[in-house]
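Asks: Sharing data-v2.pdb here; it has PDB, C-alpha atoms and all ligand atoms.
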ATOM      1  CA  MET A   1    -146.721  77.596  33.387  1.00  0.00           C
ATOM      2  CA  GLU A   2    -148.643  75.657  36.015  1.00  0.00           C
ATOM      3  CA  THR A   3    -147.266  72.330  37.204  1.00  0.00           C
ATOM      4  CA  PHE A   4    -149.311  69.272  38.159  1.00  0.00           C
ATOM      5  CA  GLU A   5    -148.402  70.086  41.784  1.00  0.00           C
ATOM      6  CA  ASN A   6    -150.061  73.517  41.459  1.00  0.00           C
ATOM      7  CA  VAL A   7    -153.157  71.823  40.135  1.00  0.00           C
ATOM      8  CA  ILE A   8    -153.215  69.336  43.032  1.00  0.00           C
ATOM      9  CA  GLU A   9    -152.908  72.218  45.460  1.00  0.00           C
ATOM     10  CA  PHE A  10    -155.985  73.860  43.990  1.00  0.00           C
ATOM     11  CA  HIS A  11    -158.020  70.652  43.688  1.00  0.00           C
ATOM     12  CA  GLY A  12    -157.143  69.195  47.087  1.00  0.00           C
ATOM     13  CA  HIS A  13    -155.976  65.751  46.017  1.00  0.00           C
ATOM     14  CA  ALA A  14    -154.259  63.907  43.183  1.00  0.00           C
ATOM     15  CA  CYS A  15    -156.511  61.670  41.099  1.00  0.00           C
ATOM     16  CA  PRO A  16    -156.640  60.195  37.592  1.00  0.00           C
ATOM     17  CA  GLY A  17    -159.384  62.623  36.542  1.00  0.00           C
ATOM     18  CA  LEU A  18    -157.232  65.585  37.511  1.00  0.00           C
ATOM     19  CA  ALA A  19    -154.300  64.119  35.575  1.00  0.00           C
ATOM     20  CA  LEU A  20    -156.479  63.764  32.475  1.00  0.00           C
ATOM     21  CA  GLY A  21    -157.619  67.363  32.832  1.00  0.00           C
ATOM     22  CA  TYR A  22    -154.007  68.437  33.164  1.00  0.00           C
ATOM     23  CA  ARG A  23    -153.030  66.722  29.923  1.00  0.00           C
ATOM     24  CA  VAL A  24    -156.049  68.253  28.172  1.00  0.00           C
ATOM     25  CA  ALA A  25    -155.161  71.722  29.430  1.00  0.00           C
ATOM     26  CA  MET A  26    -151.494  71.353  28.468  1.00  0.00           C
ATOM     27  CA  ARG A  27    -152.552  70.351  24.966  1.00  0.00           C
ATOM     28  CA  ALA A  28    -154.718  73.463  24.724  1.00  0.00           C
ATOM     29  CA  LEU A  29    -151.789  75.530  25.958  1.00  0.00           C
ATOM     30  CA  LYS A  30    -149.648  74.131  23.172  1.00  0.00           C
ATOM     31  CA  GLU A  31    -152.238  75.161  20.598  1.00  0.00           C
ATOM     32  CA  PHE A  32    -153.138  78.615  21.861  1.00  0.00           C
ATOM     33  CA  GLU A  33    -151.240  81.241  23.709  1.00  0.00           C
ATOM     34  CA  ILE A  34    -152.945  80.906  27.028  1.00  0.00           C
ATOM     35  CA  PRO A  35    -153.554  82.141  29.588  1.00  0.00           C
ATOM     36  CA  ALA A  36    -154.334  85.007  27.247  1.00  0.00           C
ATOM     37  CA  ALA A  37    -156.007  88.339  27.905  1.00  0.00           C
ATOM     38  CA  ASP A  38    -159.516  88.239  29.337  1.00  0.00           C
ATOM     39  CA  GLU A  39    -161.897  85.975  27.440  1.00  0.00           C
ATOM     40  CA  GLU A  40    -159.548  85.380  24.547  1.00  0.00           C
ATOM     41  CA  ILE A  41    -160.048  81.657  24.918  1.00  0.00           C
ATOM     42  CA  VAL A  42    -163.300  80.000  25.851  1.00  0.00           C
ATOM     43  CA  ALA A  43    -163.345  76.459  27.214  1.00  0.00           C
ATOM     44  CA  LEU A  44    -166.458  74.435  26.600  1.00  0.00           C
ATOM     45  CA  VAL A  45    -166.518  71.395  28.874  1.00  0.00           C
ATOM     46  CA  GLU A  46    -169.003  68.540  28.718  1.00  0.00           C
ATOM     47  CA  ASN A  47    -168.668  67.178  32.264  1.00  0.00           C
ATOM     48  CA  ASN A  48    -168.091  68.510  35.772  1.00  0.00           C
ATOM     49  CA  SER A  49    -165.455  66.035  36.928  1.00  0.00           C
ATOM     50  CA  CYS A  50    -162.146  66.598  38.726  1.00  0.00           C
ATOM     51  CA  ALA A  51    -160.599  67.298  35.313  1.00  0.00           C
ATOM     52  CA  ILE A  52    -162.263  70.702  35.123  1.00  0.00           C
ATOM     53  CA  ASP A  53    -160.218  72.029  38.027  1.00  0.00           C
ATOM     54  CA  ALA A  54    -157.035  71.338  36.071  1.00  0.00           C
ATOM     55  CA  VAL A  55    -158.505  73.073  33.025  1.00  0.00           C
ATOM     56  CA  GLN A  56    -159.329  76.143  35.103  1.00  0.00           C
ATOM     57  CA  VAL A  57    -155.930  76.411  36.788  1.00  0.00           C
ATOM     58  CA  VAL A  58    -153.827  75.797  33.692  1.00  0.00           C
ATOM     59  CA  THR A  59    -155.769  77.663  31.006  1.00  0.00           C
ATOM     60  CA  GLY A  60    -157.223  80.455  33.107  1.00  0.00           C
ATOM     61  CA  CYS A  61    -160.649  79.716  31.635  1.00  0.00           C
ATOM     62  CA  THR A  62    -162.765  79.833  34.777  1.00  0.00           C
ATOM     63  CA  PHE A  63    -166.390  79.473  35.694  1.00  0.00           C
ATOM     64  CA  GLY A  64    -166.435  82.848  37.395  1.00  0.00           C
ATOM     65  CA  LYS A  65    -164.990  84.727  34.433  1.00  0.00           C
ATOM     66  CA  GLY A  66    -167.597  83.247  32.143  1.00  0.00           C
ATOM     67  CA  ASN A  67    -165.072  81.800  29.719  1.00  0.00           C
ATOM     68  CA  LEU A  68    -165.665  78.276  30.972  1.00  0.00           C
ATOM     69  CA  ILE A  69    -168.953  76.951  29.667  1.00  0.00           C
ATOM     70  CA  PHE A  70    -170.355  73.775  31.172  1.00  0.00           C
ATOM     71  CA  HIS A  71    -172.640  71.442  29.260  1.00  0.00           C
ATOM     72  CA  ASP A  72    -173.956  68.618  31.403  1.00  0.00           C
ATOM     73  CA  TYR A  73    -173.509  65.847  28.839  1.00  0.00           C
ATOM     74  CA  GLY A  74    -171.394  63.467  30.914  1.00  0.00           C
ATOM     75  CA  LYS A  75    -168.831  63.296  28.103  1.00  0.00           C
ATOM     76  CA  GLN A  76    -165.071  63.610  28.405  1.00  0.00           C
ATOM     77  CA  VAL A  77    -164.945  66.227  25.688  1.00  0.00           C
ATOM     78  CA  TYR A  78    -163.223  69.605  25.936  1.00  0.00           C
ATOM     79  CA  THR A  79    -163.356  72.295  23.275  1.00  0.00           C
ATOM     80  CA  PHE A  80    -161.200  75.414  23.371  1.00  0.00           C
ATOM     81  CA  ILE A  81    -162.307  78.270  21.158  1.00  0.00           C
ATOM     82  CA  LYS A  82    -160.330  81.377  20.318  1.00  0.00           C
ATOM     83  CA  ARG A  83    -162.049  84.730  20.086  1.00  0.00           C
ATOM     84  CA  PRO A  84    -162.767  86.367  17.707  1.00  0.00           C
ATOM     85  CA  SER A  85    -161.591  83.951  14.979  1.00  0.00           C
ATOM     86  CA  GLY A  86    -163.600  80.951  16.182  1.00  0.00           C
ATOM     87  CA  LYS A  87    -160.601  78.685  15.686  1.00  0.00           C
ATOM     88  CA  TYR A  88    -161.135  75.689  17.929  1.00  0.00           C
ATOM     89  CA  LEU A  89    -159.404  72.653  19.334  1.00  0.00           C
ATOM     90  CA  ARG A  90    -161.642  69.761  20.362  1.00  0.00           C
ATOM     91  CA  ILE A  91    -160.264  67.065  22.622  1.00  0.00           C
ATOM     92  CA  SER A  92    -162.088  63.826  23.235  1.00  0.00           C
ATOM     93  CA  ILE A  93    -160.608  61.476  25.822  1.00  0.00           C
ATOM     94  CA  CYS A  94    -160.175  57.916  24.607  1.00  0.00           C
ATOM     95  CA  TRP A  95    -157.861  56.692  27.361  1.00  0.00           C
ATOM     96  CA  LYS A  96    -158.510  53.209  28.637  1.00  0.00           C
ATOM     97  CA  LYS A  97    -157.379  52.306  32.110  1.00  0.00           C
ATOM     98  CA  PRO A  98    -154.753  49.557  32.201  1.00  0.00           C
ATOM     99  CA  ALA A  99    -156.213  46.050  32.376  1.00  0.00           C
ATOM    100  CA  GLU A 100    -156.516  44.658  35.878  1.00  0.00           C
ATOM    101  CA  SER A 101    -155.935  41.164  37.153  1.00  0.00           C
ATOM    102  CA  GLU A 102    -158.665  39.095  38.809  1.00  0.00           C
ATOM    103  CA  ASN A 103    -157.033  39.727  42.181  1.00  0.00           C
ATOM    104  CA  GLU A 104    -157.017  43.497  41.567  1.00  0.00           C
ATOM    105  CA  ARG A 105    -160.652  43.388  40.546  1.00  0.00           C
ATOM    106  CA  LEU A 106    -161.574  41.590  43.779  1.00  0.00           C
ATOM    107  CA  LEU A 107    -159.653  44.092  45.907  1.00  0.00           C
ATOM    108  CA  TRP A 108    -161.401  46.965  44.160  1.00  0.00           C
ATOM    109  CA  GLU A 109    -164.762  45.305  44.734  1.00  0.00           C
ATOM    110  CA  LYS A 110    -163.951  44.993  48.445  1.00  0.00           C
ATOM    111  CA  TYR A 111    -163.044  48.682  48.560  1.00  0.00           C
ATOM    112  CA  MET A 112    -166.299  49.660  46.871  1.00  0.00           C
ATOM    113  CA  LYS A 113    -168.208  47.630  49.448  1.00  0.00           C
ATOM    114  CA  GLY A 114    -166.581  49.682  52.214  1.00  0.00           C
ATOM    115  CA  ASP A 115    -163.666  47.460  53.176  1.00  0.00           C
ATOM    116  CA  ARG A 116    -160.944  49.788  54.514  1.00  0.00           C
ATOM    117  CA  SER A 117    -158.468  47.195  55.770  1.00  0.00           C
ATOM    118  CA  GLU A 118    -154.816  48.072  55.231  1.00  0.00           C
ATOM    119  CA  SER A 119    -154.176  45.726  52.310  1.00  0.00           C
ATOM    120  CA  VAL A 120    -157.242  46.985  50.451  1.00  0.00           C
ATOM    121  CA  VAL A 121    -156.478  50.666  51.019  1.00  0.00           C
ATOM    122  CA  ASP A 122    -152.824  50.187  50.043  1.00  0.00           C
ATOM    123  CA  PHE A 123    -153.898  48.527  46.846  1.00  0.00           C
ATOM    124  CA  VAL A 124    -156.316  51.332  45.971  1.00  0.00           C
ATOM    125  CA  HIS A 125    -153.663  53.993  46.584  1.00  0.00           C
ATOM    126  CA  ALA A 126    -151.053  52.165  44.548  1.00  0.00           C
ATOM    127  CA  ARG A 127    -153.484  51.626  41.708  1.00  0.00           C
ATOM    128  CA  LYS A 128    -154.479  55.278  41.724  1.00  0.00           C
ATOM    129  CA  SER A 129    -150.846  56.428  41.647  1.00  0.00           C
ATOM    130  CA  SER A 130    -150.005  54.112  38.803  1.00  0.00           C
ATOM    131  CA  LYS A 131    -152.986  55.391  36.798  1.00  0.00           C
ATOM    132  CA  ILE A 132    -151.936  58.998  37.401  1.00  0.00           C
ATOM    133  CA  LYS A 133    -148.379  58.214  36.359  1.00  0.00           C
ATOM    134  CA  HIS A 134    -149.628  56.445  33.270  1.00  0.00           C
ATOM    135  CA  ILE A 135    -151.808  59.397  32.261  1.00  0.00           C
ATOM    136  CA  LEU A 136    -149.095  61.976  32.851  1.00  0.00           C
ATOM    137  CA  THR A 137    -146.531  60.105  30.743  1.00  0.00           C
ATOM    138  CA  ALA A 138    -148.685  58.452  28.064  1.00  0.00           C
ATOM    139  CA  ASP A 139    -148.372  59.324  24.424  1.00  0.00           C
ATOM    140  CA  GLU A 140    -150.992  61.872  23.365  1.00  0.00           C
ATOM    141  CA  ARG A 141    -152.623  59.449  20.935  1.00  0.00           C
ATOM    142  CA  GLU A 142    -153.228  56.991  23.758  1.00  0.00           C
ATOM    143  CA  LEU A 143    -155.134  59.607  25.686  1.00  0.00           C
ATOM    144  CA  MET A 144    -157.056  61.782  23.318  1.00  0.00           C
ATOM    145  CA  THR A 145    -158.469  62.388  19.888  1.00  0.00           C
ATOM    146  CA  VAL A 146    -157.840  65.935  18.751  1.00  0.00           C
ATOM    147  CA  THR A 147    -159.676  67.804  16.017  1.00  0.00           C
ATOM    148  CA  THR A 148    -159.413  71.414  14.911  1.00  0.00           C
ATOM    149  CA  GLY A 149    -161.530  73.741  12.835  1.00  0.00           C
ATOM    150  CA  THR A 150    -163.570  76.896  13.026  1.00  0.00           C
ATOM    151  CA  MET A 151    -166.891  77.415  14.769  1.00  0.00           C
ATOM    152  CA  LYS A 152    -169.238  80.146  15.951  1.00  0.00           C
ATOM    153  CA  VAL A 153    -167.798  81.935  18.968  1.00  0.00           C
ATOM    154  CA  PRO A 154    -169.954  81.639  22.128  1.00  0.00           C
ATOM    155  CA  ASP A 155    -171.482  84.919  23.310  1.00  0.00           C
ATOM    156  CA  PRO A 156    -169.385  86.797  25.857  1.00  0.00           C
ATOM    157  CA  ALA A 157    -170.371  86.805  29.528  1.00  0.00           C
ATOM    158  CA  ILE A 158    -173.339  89.082  30.029  1.00  0.00           C
ATOM    159  CA  ILE A 159    -174.014  91.568  32.771  1.00  0.00           C
ATOM    160  CA  ARG A 160    -177.711  92.222  33.303  1.00  0.00           C
ATOM    161  CA  PRO A 161    -179.734  94.229  35.789  1.00  0.00           C
ATOM    162  CA  SER A 162    -181.442  92.512  38.717  1.00  0.00           C
ATOM    163  CA  VAL A 163    -185.101  92.446  39.668  1.00  0.00           C
ATOM    164  CA  VAL A 164    -186.569  91.453  43.025  1.00  0.00           C
ATOM    165  CA  CYS A 165    -188.364  88.127  43.471  1.00  0.00           C
ATOM    166  CA  SER A 166    -191.980  88.595  44.587  1.00  0.00           C
ATOM    167  CA  SER A 167    -191.719  85.698  47.026  1.00  0.00           C
ATOM    168  CA  CYS A 168    -188.319  85.739  48.764  1.00  0.00           C
ATOM    169  CA  HIS A 169    -187.516  89.386  47.902  1.00  0.00           C
ATOM    170  CA  GLU A 170    -183.987  88.457  46.926  1.00  0.00           C
ATOM    171  CA  LYS A 171    -182.332  89.857  43.830  1.00  0.00           C
ATOM    172  CA  VAL A 172    -182.324  87.816  40.643  1.00  0.00           C
ATOM    173  CA  MET A 173    -180.873  88.578  37.201  1.00  0.00           C
ATOM    174  CA  ASP A 174    -183.749  89.763  35.001  1.00  0.00           C
ATOM    175  CA  LEU A 175    -183.110  87.155  32.326  1.00  0.00           C
ATOM    176  CA  LYS A 176    -183.438  84.372  34.906  1.00  0.00           C
ATOM    177  CA  ALA A 177    -186.654  85.653  36.488  1.00  0.00           C
ATOM    178  CA  MET A 178    -189.809  83.604  35.874  1.00  0.00           C
ATOM    179  CA  HIS A 179    -193.001  85.456  35.045  1.00  0.00           C
ATOM    180  CA  LYS A 180    -196.364  84.368  36.396  1.00  0.00           C
ATOM    181  CA  ASN A 181    -199.627  86.302  36.835  1.00  0.00           C
ATOM    182  CA  GLY A 182    -197.806  89.598  36.526  1.00  0.00           C
ATOM    183  CA  TYR A 183    -195.282  88.650  39.229  1.00  0.00           C
ATOM    184  CA  ARG A 184    -191.624  87.871  38.882  1.00  0.00           C
ATOM    185  CA  PHE A 185    -190.065  84.982  40.741  1.00  0.00           C
ATOM    186  CA  CYS A 186    -186.590  83.544  41.131  1.00  0.00           C
ATOM    187  CA  ILE A 187    -186.295  79.972  39.861  1.00  0.00           C
ATOM    188  CA  PRO A 188    -186.269  78.243  43.316  1.00  0.00           C
ATOM    189  CA  CYS A 189    -189.402  80.125  44.422  1.00  0.00           C
ATOM    190  CA  PHE A 190    -191.096  79.459  41.105  1.00  0.00           C
ATOM    191  CA  ASN A 191    -190.316  75.738  41.339  1.00  0.00           C
ATOM    192  CA  GLU A 192    -191.535  75.599  44.927  1.00  0.00           C
ATOM    193  CA  GLU A 193    -194.794  77.248  43.978  1.00  0.00           C
ATOM    194  CA  GLU A 194    -195.319  74.808  41.103  1.00  0.00           C
ATOM    195  CA  LEU A 195    -194.584  71.868  43.408  1.00  0.00           C
ATOM    196  CA  ARG A 196    -197.041  73.141  45.997  1.00  0.00           C
ATOM    197  CA  LYS A 197    -199.753  73.398  43.376  1.00  0.00           C
ATOM    198  CA  LYS A 198    -199.058  69.886  42.184  1.00  0.00           C
ATOM    199  CA  ARG A 199    -199.238  68.487  45.735  1.00  0.00           C
ATOM    200  CA  LYS A 200    -202.492  70.346  46.366  1.00  0.00           C
ATOM    201  CA  LYS A 201    -203.976  68.944  43.190  1.00  0.00           C
ATOM    202  CA  HIS A 202    -202.823  65.504  44.211  1.00  0.00           C
ATOM    203  CA  ALA A 203    -204.451  65.847  47.656  1.00  0.00           C
ATOM    204  CA  GLU A 204    -207.798  66.900  46.228  1.00  0.00           C
TER     205      GLU A 204
HETATM  206 ZN    ZN B 301    -160.209  64.528  42.055  1.00  0.00          ZN
HETATM  207 ZN    ZN B 302    -187.390  83.934  45.317  1.00  0.00          ZN
END
Let me see the structure of the file written as C-alpha cells.
Replies:
Amino acid sequence: METFENVIEFHGHACPGLALGYRVAMRALKEFEIPAADEEIVALVENNSCAIDAVQVVTGCTFGKGNLIFHDYGKQVYTFIKRPSGKYLRISICWKKPAESENERLLWEKYMKGDRSESVVDFVHARKSSKIKHILTADERELMTVTTGTMKVPDPAIIRPSVVCSSCHEKVMDLKAMHKNGYRFCIPCFNEEELRKKRKKHAE
C-alpha cells in the first residue's frame, strides 16, 4: 500500500490538495480491491488539482492507462467504478478549512500580494502543515460525503488507427480528425485555419 510519503515523492511537494486526494484514494481502496488487474476500476475525477496525483499513485487508475477519466467541472468529486458490475463509490469533499484569526488572514493576504518576508513565509508553511495534518487525521465524515450504487460502466480505452493531417502532416487518431472540404485536419490545425478565416473576415 502506498504511503503519503510515496505520494509526495511522485507529486513533488506536500500540500492540502494532495492530502485530500490521499484520503479519497484510501477510501476507494477500502471499498474495492485496488490496485486491481488492468482497468478493473475506473476513476472519474471532476477536477485536475493536486489531489489527482494521489488518486493515480494509490489506486493505480492513471491517465495513461485510460482508467482515469477527467471531467473539467471544477468539483471536488471522485467516483470509482468497478468493471464489469458498475458498482460505484462516489466521494464528494465537504471539508472546510479550519477558521483563521484576523491576524492569520492578514498574513495570508500579504503572502498573496507577494510578500516573502520570513515571518510571512513561516506562517504560510505552518498553516499548510497544520491543514495537511488535519486532513490526514480527520474523521471521514468531516472530509467527505460517500454514496454507493450501480451505474453504467464507462467504455474501455480505445485504440484507433491514425490518419495524417493535411496541414502539418502529423499523425492524428482518426476519431479526433476534423473533416473539411474533403481534407482531414488535426484539431490545432483546424482551429488555426478557422481563426485565420475569422481574422480575414474581420479585416475586410
Ligand atoms: Zn500540490
Ligand atoms: Zn495538423
Asks: As a list of chain:residue names, please: every protein or nucleic acid residue near ligand ZN 302 (chain B) (cut-off 7 Å, counting all atoms listed in the file).
Replies: A:Cys165, A:Ser166, A:Ser167, A:Cys168, A:His169, A:Glu170, A:Phe185, A:Cys186, A:Ile187, A:Pro188, A:Cys189
Asks: Counting all atoms listed in the file, which residue out of A:His13, A:Lys171, A:Lys152, A:Arg199 sits closest to A:Ala54?
Replies: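 Smallest distance to A:Ala54 is found for A:His13.
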Asks: Using all atoms listed in the file, which residues of stretch 113-146 of chain A come within 7 Å of stretch 76-93 of chain A, and what is the closest atom pair for each, with the distance in Å to one decimal? Give it as JSON lines, sorted by chain and residue number.
Replies:
{"residue": "A:Leu143", "atom": "CA", "partner": "A:Ile93", "partner_atom": "CA", "distance": 5.8}
{"residue": "A:Met144", "atom": "CA", "partner": "A:Ile93", "partner_atom": "CA", "distance": 4.4}
{"residue": "A:Thr145", "atom": "CA", "partner": "A:Ser92", "partner_atom": "CA", "distance": 5.1}
{"residue": "A:Val146", "atom": "CA", "partner": "A:Ile91", "partner_atom": "CA", "distance": 4.7}
Asks: Written as a VMD selection string, which residues does the PyMOL selection byres (((not hetatm)) within 9 of (chain B and resi 301)) give for the file shown?
Replies: chain A and resid 8 11 to 19 49 to 51 53
Asks: Using the chain letters and numbers from the file, which residues does the PyMOL selection byres (((chain A and resi 99-104) around 12) and not hetatm) grab, as number ranges by chain?
Replies: A: 95-98, 105-111, 119-124, 126-127, 130-131
Asks: Please write the residues picked by the PyMOL selection byres (((chain A and resi 161) around 10) and not hetatm) on this file as a PyMOL selection string.
Replies: chain A and resi 159-160+162-163+171-175
Asks: Against stretch 22-33 of chain A, which residues of stretch 107-204 of chain A fall within 12 Å? For each one I want the closest pair of atoms and the distance in Å (one decimal), counting only C-alpha atoms, rows by chain and increasing residue number, as a tab-separated table.
Replies:
residue	atom	partner	partner_atom	distance
A:Ile132	CA	A:Tyr22	CA	10.6
A:Lys133	CA	A:Arg23	CA	11.6
A:His134	CA	A:Arg23	CA	11.3
A:Ile135	CA	A:Arg23	CA	7.8
A:Leu136	CA	A:Arg23	CA	6.8
A:Thr137	CA	A:Arg23	CA	9.3
A:Ala138	CA	A:Arg23	CA	9.5
A:Asp139	CA	A:Arg23	CA	10.3
A:Glu140	CA	A:Arg23	CA	8.4
A:Arg141	CA	A:Arg23	CA	11.6
A:Glu142	CA	A:Arg23	CA	11.5
A:Leu143	CA	A:Arg23	CA	8.5
A:Met144	CA	A:Val24	CA	8.2
A:Thr145	CA	A:Val24	CA	10.4
A:Val146	CA	A:Arg27	CA	9.3
A:Thr147	CA	A:Glu31	CA	11.4
A:Thr148	CA	A:Glu31	CA	9.9
Asks: Separation of atom CA of A:Val45 and atom CA of A:Lys75, in Å?
Replies: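 Here the two named atoms are 8.5 Å from each other.
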Asks: Hey, can you check how far atom CA of A:Pro156 sits from atom CA of A:His179?
Replies: 25.4 Å
Asks: Need to verify the contact set: A:Ala157, 10 Å, all atoms listed in the file, exclusion of same-chain residues closer than 3 positions in sequence. Can you return it as a PDB file with C-alpha atoms, keeping the file's coordinate frame?
Replies:
ATOM      1  CA  GLU A  39    -161.897  85.975  27.440  1.00  0.00           C
ATOM      2  CA  GLY A  64    -166.435  82.848  37.395  1.00  0.00           C
ATOM      3  CA  LYS A  65    -164.990  84.727  34.433  1.00  0.00           C
ATOM      4  CA  GLY A  66    -167.597  83.247  32.143  1.00  0.00           C
ATOM      5  CA  ASN A  67    -165.072  81.800  29.719  1.00  0.00           C
ATOM      6  CA  LEU A  68    -165.665  78.276  30.972  1.00  0.00           C
ATOM      7  CA  ILE A  69    -168.953  76.951  29.667  1.00  0.00           C
ATOM      8  CA  PRO A 154    -169.954  81.639  22.128  1.00  0.00           C
ATOM      9  CA  ARG A 160    -177.711  92.222  33.303  1.00  0.00           C
TER      10      ARG A 160
END
Asks: Nearest to A:Glu2 among A:Ile52, A:Leu20, A:Ala177, A:Val57, with distances taken over only C-alpha atoms: which residue is it?
Replies: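 The answer is A:Val57, which sits nearest to A:Glu2.
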Asks: Quick one: distance from atom CA of A:Phe70 to atom CA of A:Asn47 in Å, one decimal?
Replies: 6.9 Å
Asks: Reconstruct N, CA and C atoms of stretch 64-84 of chain A; output as a compact mmCIF listing (two decimals), in the frame of the given file.
Replies:
# COMPACT_ATOMS: atom_id res chain seq x y z
N GLY A 64 -166.08 81.50 36.95
CA GLY A 64 -166.44 82.85 37.40
C GLY A 64 -166.24 83.92 36.33
N LYS A 65 -165.25 83.74 35.48
CA LYS A 65 -164.99 84.73 34.43
C LYS A 65 -165.97 84.59 33.27
N GLY A 66 -166.63 83.46 33.22
CA GLY A 66 -167.60 83.25 32.14
C GLY A 66 -166.96 82.70 30.88
N ASN A 67 -165.66 82.41 30.92
CA ASN A 67 -165.07 81.80 29.72
C ASN A 67 -164.83 80.30 29.91
N LEU A 68 -165.60 79.73 30.84
CA LEU A 68 -165.66 78.28 30.97
C LEU A 68 -167.16 77.96 30.90
N ILE A 69 -167.53 77.27 29.85
CA ILE A 69 -168.95 76.95 29.67
C ILE A 69 -169.15 75.46 29.92
N PHE A 70 -170.11 75.16 30.78
CA PHE A 70 -170.36 73.78 31.17
C PHE A 70 -171.63 73.24 30.52
N HIS A 71 -171.48 72.17 29.78
CA HIS A 71 -172.64 71.44 29.26
C HIS A 71 -172.70 70.10 29.98
N ASP A 72 -173.82 69.82 30.57
CA ASP A 72 -173.96 68.62 31.40
C ASP A 72 -174.26 67.39 30.55
N TYR A 73 -173.30 66.97 29.76
CA TYR A 73 -173.51 65.85 28.84
C TYR A 73 -172.87 64.56 29.35
N GLY A 74 -172.07 64.66 30.42
CA GLY A 74 -171.39 63.47 30.91
C GLY A 74 -170.40 62.89 29.92
N LYS A 75 -169.81 63.77 29.09
CA LYS A 75 -168.83 63.30 28.10
C LYS A 75 -167.46 63.89 28.41
N GLN A 76 -166.43 63.10 28.17
CA GLN A 76 -165.07 63.61 28.40
C GLN A 76 -164.58 64.34 27.16
N VAL A 77 -165.27 65.42 26.87
CA VAL A 77 -164.94 66.23 25.69
C VAL A 77 -164.71 67.67 26.12
N TYR A 78 -163.64 68.25 25.57
CA TYR A 78 -163.22 69.60 25.94
C TYR A 78 -162.92 70.37 24.66
N THR A 79 -163.59 71.49 24.48
CA THR A 79 -163.36 72.30 23.28
C THR A 79 -162.85 73.67 23.69
N PHE A 80 -161.76 74.09 23.10
CA PHE A 80 -161.20 75.41 23.37
C PHE A 80 -161.38 76.26 22.12
N ILE A 81 -161.99 77.43 22.31
CA ILE A 81 -162.31 78.27 21.16
C ILE A 81 -161.64 79.63 21.32
N LYS A 82 -161.01 80.08 20.26
CA LYS A 82 -160.33 81.38 20.32
C LYS A 82 -161.25 82.47 19.78
N ARG A 83 -161.30 83.56 20.54
CA ARG A 83 -162.05 84.73 20.09
C ARG A 83 -161.08 85.69 19.40
N PRO A 84 -161.46 86.43 18.36
CA PRO A 84 -162.77 86.37 17.71
C PRO A 84 -162.80 85.42 16.50
